[in-house]
Amino acid sequence: MNYVLRDGRIIDPTSKRDEEADLVIENGRVTRIGRGLRAPAASREIHCKGLLVTPGFVDLHTHLREPGQEYKEDIASGTRAAAAGGFSTVCCMANTTPVNDCRAVTDLIVRRAREVGATRVFPVGAITKGLGGAELAEMAEMREAGIVAVSDDGLPVMNAELMRRALEYARTFGLPVVQHCEDKHLAAGGVMNESASSTRAGLKGQPSAAESVMVARDLELVALTGARYHVAHVSAAASVRLLREARKRGLPVTCEVTPHHLTLTDVVCCGYDTATKVAPPLRTQADIDALKEALADGTIDAVATDHAPHSLVEKDVEFDLAAFGMVGLETALPLLLGLVEDKVITLERAVYLLTAGPAQIFAFPEAFGTLIEGVVADVTIIDPAARWTVQREALLSKSKNTPFHGRAVLGRVKATLVGGRIAYDGSGELAQPGEGKG
Ligand code: DOR
C-alpha cells in the first residue's frame, strides 16, 4: 500500500524542515515531500491537517525481556507498546535470560523480531559474558548477527581494566560502549536517591556520586582509548557537568536521559509507590534543572525510555524488596511535549531528541531519524492538541509499572509507520485488512 500524508506539519530537524506539506510513501520509502502532490497509484490518503508528521522515533534503551522473562514483556508486546508510543525503532538491552552475549541469542532476537515485531528491533549485546563483569563477551560474532552497541545495562562494568579492554575491543568493530554508570560500592543497598527525602522516607539512599564517580572514571578511559562511549540514563547534575567538559575536550562521548528523570523528583519515593523505584534513582530538583539545561544546550543527545517492565510479583512488595524499573514507551512523547509547553526546549528540539539525535549514536545499518526523499518510511503522526490521562490498564505493554498513572498529559501518537507499513493506528481507521502486525 502507498500513502499520501496530506497537509501535515512536517518536522524534520535534520533537513531543517518545519512546514505544512504532503509526504508521499511508495513501496515503503518516502518518495516526495511538497505541497499539493499528486497521489501515486494504489495509494490511500491520510488527512494530517493539524497533526505533526515526524520521523519515526528511535529508542536506544528498551528492555523487551525476551528471551526468558516473557511474563513481563516479549518482543511482540514490547514492540506494540513501542509503536503506540511513536517508536519505529527500539534497541533492546542484553539483560535477558539467557543474556545476549553470543551470536545464538542475538540471532534469536533478530529472528523473533522479524516474525512478530511491530517495529524495527536492534539488539544491544552484552559487554561481559553473562553480565558477570569478568570476561569480555563475543562482540565480533554478535556484531555480525546485528547488534548496534554493547552494554551490561542494569549493571556497571566495575573493573576499570576490563572496561579499558572493552572500549578497545568495541572500537575495532565501530560499536559504542554503553555504560550503566553506578559505582556498586557507593550505591550498595540504596533503594532511592540519598537526600533529605530518603531520610524522611526512612529508606536507604545511594548518593548521586555513585553515578558521577563512574562517569569520571570512564571519561579518563575514553581519553586513553579514543573509543565511542555512551552514558545510559544520565541522572545527576555532576555527571552532566563532566560530560559537558568532556565534549569540550573533544572526547567521543554521548549520553541519553529518560523522561522520568526529567519530570519526577525523589520526593515521590516518599509515598512508597514501587513504580517510582528505578535505577538510577529519581534525583533532586537541582539535578532535574541541570538535566534540562543540558537538554537545551546540546550536552544531552537523546531521550531514551529505559522501558523496564516488571510484573506484580516484583513490584507489589515492600519498597526495599521491589525490582528497579518502570515502563516508559507509551508515555515518553507527552512527557517530552510537557517540557515544550513549559518552554524548556523547542518542539523541533523535542523531535530531534527522539529521532535524529538517537539515530546518530548507535551503529545503525541504515540512516533513520530523518524524513528526506529516498529514506525508509518510518514516520510518526502526532496530535499535539490531544489531552488525555495516562491509565495503566490501557497500556499495551504486558507490565503496568508506571508512576504516571492518572497524570493528565498533552499530545498523543495517532499512528506509527514502519517501512511504509502501519504499525500502530490509534484511531483504528487506517490499516487495511491484513496490514500491520501491531
Ligand atoms: O531501573 C532499571 N531497570 N534500570 C536498569 O538499568 C535496568 C532495568 C531493568 O532491567 O529492570
# chains A, B, ... in the order shown; residues from 1 in each chain; ligands from 1
call {"tool": "residues_around", "arguments": {"residues": "His180 in chain A", "least_positions_apart": "5", "cutoff": "7 Å", "atoms": "only C-alpha atoms", "output": "ChimeraX atom specification"}}
result
/A:153-156,231-232
call {"tool": "residues_around", "arguments": {"residues": "Asp74 in chain A", "least_positions_apart": "6", "cutoff": "8 Å", "atoms": "only C-alpha atoms", "output": "ChimeraX atom specification"}}
result
/A:64-67
call {"tool": "atom_distance", "arguments": {"atom1": "CA of Asp297 in chain A", "atom2": "CA of Gly85 in chain A"}}
result
25.5 Å
call {"tool": "closest_atom_pairs", "arguments": {"of": "chain A", "to": "ligand 1", "cutoff": "6 Å", "atoms": "only C-alpha atoms and all ligand atoms", "output": "JSON lines"}}
result
{"residue": "A:Asp153", "atom": "CA", "partner": "ligand 1", "partner_atom_place_in_ligand_line": "6 (O)", "distance": 5.3}
{"residue": "A:Gly154", "atom": "CA", "partner": "ligand 1", "partner_atom_place_in_ligand_line": "6 (O)", "distance": 3.6}
{"residue": "A:Val278", "atom": "CA", "partner": "ligand 1", "partner_atom_place_in_ligand_line": "1 (O)", "distance": 3.8}
{"residue": "A:Ala279", "atom": "CA", "partner": "ligand 1", "partner_atom_place_in_ligand_line": "1 (O)", "distance": 3.7}
{"residue": "A:Ala308", "atom": "CA", "partner": "ligand 1", "partner_atom_place_in_ligand_line": "11 (O)", "distance": 4.6}
{"residue": "A:Phe324", "atom": "CA", "partner": "ligand 1", "partner_atom_place_in_ligand_line": "1 (O)", "distance": 4.0}
{"residue": "A:Gly325", "atom": "CA", "partner": "ligand 1", "partner_atom_place_in_ligand_line": "1 (O)", "distance": 3.2}
call {"tool": "closest_atom_pairs", "arguments": {"of": "range 342-378 of chain A", "to": "range 402-424 of chain A", "cutoff": "10 Å", "atoms": "only C-alpha atoms", "output": "Markdown table"}}
result
| residue | atom | partner | partner_atom | distance |
| --- | --- | --- | --- | --- |
| A:Val375 | CA | A:Gly419 | CA | 9.0 |
| A:Val376 | CA | A:Gly419 | CA | 5.3 |
| A:Ala377 | CA | A:Gly419 | CA | 4.6 |
| A:Asp378 | CA | A:Val418 | CA | 4.5 |
call {"tool": "write_last_selection", "arguments": {"atoms": "C-alpha atoms", "output": "PDB file, in the first residue's frame"}}
result
ATOM      1  CA  VAL A 375      14.657   7.062   3.154  1.00  0.00           C
ATOM      2  CA  VAL A 376      12.644   4.150   4.503  1.00  0.00           C
ATOM      3  CA  ALA A 377       9.223   5.439   5.512  1.00  0.00           C
ATOM      4  CA  ASP A 378       9.477   5.317   9.310  1.00  0.00           C
TER       5      ASP A 378
END
call {"tool": "closest_residue", "arguments": {"among": "A:Ala350, A:Asp306, A:Pro55, A:Val4", "to": "Arg35 in chain A", "atoms": "only C-alpha atoms"}}
result
A:Val4
call {"tool": "residues_around", "arguments": {"residues": "Ser198 in chain A", "least_positions_apart": "4", "cutoff": "9 Å", "atoms": "only C-alpha atoms", "output": "list in words"}}
result
Val191, Met192, Asn193, Glu194, Gly202, Leu203, Lys204, Gly205, Asp266, Val267, Cys269 and Cys270 of chain A
call {"tool": "residues_around", "arguments": {"residues": "Ile46 in chain A", "least_positions_apart": "4", "cutoff": "12 Å", "atoms": "only C-alpha atoms", "output": "VMD selection string"}}
result
chain A and resid 2 to 8 22 to 25 39 51 53 381 414 to 415 417 422 425 427 429 to 431
call {"tool": "closest_residue", "arguments": {"among": "A:Val58, A:Ala104, A:Met1, A:Ala304", "to": "Ala367 in chain A", "atoms": "only C-alpha atoms"}}
result
A:Val58
call {"tool": "select_by_dssp", "arguments": {"residues": "range 115-276 of chain A", "states": "helix (DSSP H, G or I)", "output": "number ranges by chain"}}
result
A: 115-116, 129-131, 139-145, 160-172, 184-187, 196-201, 209-225, 237-248, 259-263, 266-271, 274-276
call {"tool": "residues_around", "arguments": {"residues": "Leu295 in chain A", "least_positions_apart": "2", "cutoff": "10 Å", "atoms": "only C-alpha atoms", "output": "list in words"}}
result
Val240, Glu256, Val257, Leu262, Asp289, Ala290, Leu291, Lys292, Glu293, Asp297, Gly298, Thr299, Ile300, Asp301, Ala302, Val303, Val344, Ile345, Arg349, Ala350 and Leu353 of chain A
call {"tool": "atom_distance", "arguments": {"atom1": "CA of Glu141 in chain A", "atom2": "CA of Ile109 in chain A"}}
result
14.2 Å
call {"tool": "atom_distance", "arguments": {"atom1": "CA of Asp316 in chain A", "atom2": "CA of Thr274 in chain A"}}
result
7.4 Å
call {"tool": "closest_residue", "arguments": {"among": "A:Glu373, A:Glu144, A:Asp273, A:Glu135", "to": "Val110 in chain A", "atoms": "only C-alpha atoms"}}
result
A:Glu144
call {"tool": "select_by_dssp", "arguments": {"residues": "range 201-370 of chain A", "states": "strand (DSSP E or B)", "output": "number ranges by chain"}}
result
A: 205-206, 229-231, 253-257, 302-303, 307, 326
call {"tool": "closest_residue", "arguments": {"among": "A:Gly428, A:Gly125, A:Pro281, A:Gly374", "to": "Ser195 in chain A", "atoms": "only C-alpha atoms"}}
result
A:Pro281
call {"tool": "residues_around", "arguments": {"residues": "Thr225 in chain A", "least_positions_apart": "5", "cutoff": "8 Å", "atoms": "only C-alpha atoms", "output": "PDB file with C-alpha atoms, in the first residue's frame"}}
result
ATOM      1  CA  ARG A 164      39.514  -0.329  29.078  1.00  0.00           C
ATOM      2  CA  LEU A 167      36.441   0.062  24.881  1.00  0.00           C
ATOM      3  CA  GLU A 168      39.445  -1.024  22.815  1.00  0.00           C
TER       4      GLU A 168
END
